[in-house]
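> What follows is a single structure, and I will ask about it in a moment.
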Amino acid sequence: MIPTLLGGLTAEEFLSDYWQKKPLLVRGAIPGFTGVSGVSGRNDMLALAARDDVESRFVSQVDGWTLEHGPFNPSSLKRRARPWTVLAQSVNLVSPEGDRLMREFDFVPYARLDDLMVSYATDGGGVGPHFDSYDVFLLQGIGRRRWRIGKQRNQRLIDGLPVRILADFRPTQEWLLEPGDMLYLPPEWAHDGIAEGECMTWSIGFRAFPAQELAEQFLMHLQDTVRLDGRYRDPQLQRQRSPAQIGDAMIDQVSDILARVSWNRNSVRDFLGRMLTEPKPHVFFDPPQRPLAAKRFASLAERRGVALDPRTQLLFTGTHFYLNGEAITVPGPDRRLLRQLADRRDIETIRGFSATGVELLREWYRCGFLAIREP
């Protein structure tokens, strides 16, 4: 972790005193920060918004709030009436340096880390007073943005708008953030950021699944894994007075069948492993056009090491590993090194992996899930 990231607090102190409890303003969290290579100014941002593999939005305040979804033509955006804001989601998936920036926040488990969003706003631009249901770190890049925040109970939104705008925003604190400054906000803290001059803000967001969504996703997981023998039978069927009635005997028998559907902690573990590593719908991998032969791959990977692609999600719990939505069988001797790869996102050498482990890494390489590190 960058030493100044939390303003002198240790990760443990931050988690104990601030995480999901109260906001934290850090001046100079990353001194001199203006962006990462390839994403540091208006033209870079508009180029991102033009890509079909990046989720982007355009929010305008001219003649009322409007919202458009990308990809966009950069030239046409430059001609739009101001103020406006362009936002690019999941920049960590297309920018290795953006991914490394996001991983500086690894004092929160990767299982909770969602994505890196970047916004560019013209003078006076913003997306209006709103609240998020998840934790977020707001890191200022180029320019300045004035943030007003408040912990309010009234979360009523203005009806009929394409963006979520609080109907009665009542801020209680206000700060002007300069490049490298950062503001942490717990879930449901209302906030409104207005650009003073053109500016870019980097948002590190975290996953907070609604209970209903977890239940629905878990039932879908069970659908793929449940196995029940037998079939509905009624050899003792008797004629009913009303043929349209669902009989008690049928209800009782089906109830008994469904009672055999069960799950345990291992079921939940596998569900989480698959769900948390599942790539987002717009994510596709790029396998090498001319993959290295097995011996050449092993030789280069031993000398240079390997790095996970920014789009790859590798998580583990105990001896169980999950990669991009699938459970992975890992030989016992390779688990320690693979945990290092999951934590660090790259390793300097594959020396120490078994032959089976090396072949597993090569298969991931052939799928575009990882690459040999650059010399």
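If you're wondering about the labels, chains in the structure tokens are A, B, ... by order shown, residues count from 1 in each chain, ligands from 1 in order shown.
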Kindly assemble as a Markdown table a list of the segment 256-296 of chain A residues that lie within 12 Å of segment 71-93 of chain A, each paired with its nearest atom pair and their distance in Å to one decimal, using only C-alpha atoms, sorted first by chain and then by ascending residue number.

```
| residue | atom | partner | partner_atom | distance |
| --- | --- | --- | --- | --- |
| A:Pro279 | CA | A:Leu93 | CA | 10.2 |
| A:Lys280 | CA | A:Ser90 | CA | 9.7 |
| A:His282 | CA | A:Ser90 | CA | 10.5 |
| A:Val283 | CA | A:Leu93 | CA | 8.3 |
| A:Phe284 | CA | A:Leu93 | CA | 10.2 |
| A:Phe285 | CA | A:Leu93 | CA | 10.4 |
```
> Identify, on the basis of only C-alpha atoms, every residue whose closest approach to Asp343 of chain A does not exceed 12 Å; exclude the query and any residue fewer than 5 positions from it along the same chain; express the result as a list of chain:residue names.
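That gives A:Arg103, A:Glu104, A:Asp106, A:Phe107, A:Val108, A:Pro109, A:Tyr110, A:Ala111, A:Ala307, A:Leu308, A:Gln313, A:Leu314, A:Leu315, A:Phe316, A:Thr317, A:Arg336, A:Leu337, A:Leu338.
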> Quote the spacing between atom CA of Arg373 of chain A and atom CA of Thr319 of chain A in Å to one decimal place.
26.1 Å
> Could you go through segment 102-181 of chain A and tell me which residues DSSP, when run on the backbone, assigns to strand (DSSP E), listing them as a list in words?
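Listing strand (DSSP E) positions across segment 102-181 of chain A yields Leu113, Asp114, Asp115, Leu116, Met117, Val118, Ser119, Tyr120, Ala121, Val136, Phe137, Leu138, Leu139, Gln140, Arg144, Arg145, Arg146, Trp147, Arg148, Ile149, Gly150, Gln173, Glu174, Trp175, Leu176 and Leu177 of chain A.
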> Export, as a tab-separated table (two decimals), in the first residue's frame, the selected residues with N, CA and C atoms.

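Full text of selection.tsv as output:
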```tsv
chain	number	residue	atom	x	y	z
A	113	LEU	N	-13.84	-6.05	-3.79
A	113	LEU	CA	-13.42	-5.00	-4.72
A	113	LEU	C	-14.18	-5.14	-6.04
A	114	ASP	N	-14.72	-4.02	-6.53
A	114	ASP	CA	-15.54	-4.09	-7.74
A	114	ASP	C	-14.78	-3.56	-8.96
A	115	ASP	N	-14.61	-2.24	-9.04
A	115	ASP	CA	-13.97	-1.72	-10.23
A	115	ASP	C	-13.43	-0.31	-10.01
A	116	LEU	N	-12.74	0.17	-11.04
A	116	LEU	CA	-12.20	1.52	-11.06
A	116	LEU	C	-12.96	2.31	-12.11
A	117	MET	N	-13.72	3.30	-11.67
A	117	MET	CA	-14.46	4.16	-12.60
A	117	MET	C	-13.74	5.50	-12.69
A	118	VAL	N	-13.69	6.07	-13.89
A	118	VAL	CA	-13.05	7.36	-14.10
A	118	VAL	C	-14.07	8.29	-14.72
A	119	SER	N	-14.12	9.52	-14.23
A	119	SER	CA	-15.03	10.51	-14.81
A	119	SER	C	-14.25	11.75	-15.20
A	120	TYR	N	-14.67	12.34	-16.31
A	120	TYR	CA	-14.14	13.63	-16.76
A	120	TYR	C	-15.30	14.61	-16.81
A	121	ALA	N	-15.12	15.79	-16.22
A	121	ALA	CA	-16.18	16.79	-16.21
A	121	ALA	C	-15.65	18.12	-16.69
A	136	VAL	N	-16.95	3.75	-1.35
A	136	VAL	CA	-16.22	4.29	-2.49
A	136	VAL	C	-15.12	5.21	-2.01
A	137	PHE	N	-13.96	5.12	-2.69
A	137	PHE	CA	-12.87	6.08	-2.51
A	137	PHE	C	-12.87	6.98	-3.75
A	138	LEU	N	-12.91	8.29	-3.54
A	138	LEU	CA	-12.94	9.27	-4.62
A	138	LEU	C	-11.59	9.97	-4.67
A	139	LEU	N	-10.77	9.60	-5.64
A	139	LEU	CA	-9.40	10.10	-5.76
A	139	LEU	C	-9.37	11.16	-6.86
A	140	GLN	N	-8.89	12.35	-6.51
A	140	GLN	CA	-8.86	13.43	-7.47
A	140	GLN	C	-7.66	13.32	-8.39
A	144	ARG	N	-9.78	20.28	-10.11
A	144	ARG	CA	-10.32	20.33	-8.74
A	144	ARG	C	-11.81	20.04	-8.77
A	145	ARG	N	-12.27	19.42	-7.70
A	145	ARG	CA	-13.71	19.15	-7.56
A	145	ARG	C	-14.14	19.47	-6.13
A	146	ARG	N	-15.27	20.16	-6.03
A	146	ARG	CA	-15.81	20.50	-4.72
A	146	ARG	C	-16.86	19.45	-4.34
A	147	TRP	N	-16.61	18.83	-3.20
A	147	TRP	CA	-17.53	17.80	-2.70
A	147	TRP	C	-18.32	18.32	-1.51
A	148	ARG	N	-19.63	18.10	-1.57
A	148	ARG	CA	-20.51	18.35	-0.43
A	148	ARG	C	-21.14	17.01	-0.05
A	149	ILE	N	-21.14	16.70	1.24
A	149	ILE	CA	-21.64	15.40	1.68
A	149	ILE	C	-22.55	15.57	2.89
A	150	GLY	N	-23.35	14.56	3.14
A	150	GLY	CA	-24.21	14.57	4.32
A	150	GLY	C	-24.78	13.18	4.56
A	173	GLN	N	-21.07	18.84	5.25
A	173	GLN	CA	-19.63	19.07	5.17
A	173	GLN	C	-19.27	19.37	3.72
A	174	GLU	N	-18.18	20.10	3.52
A	174	GLU	CA	-17.78	20.52	2.17
A	174	GLU	C	-16.26	20.63	2.10
A	175	TRP	N	-15.69	20.12	0.99
A	175	TRP	CA	-14.24	20.21	0.77
A	175	TRP	C	-13.96	20.43	-0.71
A	176	LEU	N	-12.86	21.07	-1.00
A	176	LEU	CA	-12.36	21.21	-2.36
A	176	LEU	C	-11.15	20.29	-2.49
A	177	LEU	N	-11.25	19.30	-3.38
A	177	LEU	CA	-10.16	18.33	-3.55
A	177	LEU	C	-9.26	18.74	-4.69
```
> Skip Ile251 of chain A itself and residues of its chain fewer than 6 positions away, then list as a VMD selection string all residues within 12 Å of it, counting only C-alpha atoms.
chain A and resid 232 234 245 257 to 258
> Using only C-alpha atoms, which residue out of A:Ser255, A:Thr34, A:Asp168, A:Val62 lies closest to Trp202 of chain A?
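Comparing A:Ser255, A:Thr34, A:Asp168, A:Val62 against Trp202 of chain A, the winner is A:Thr34.
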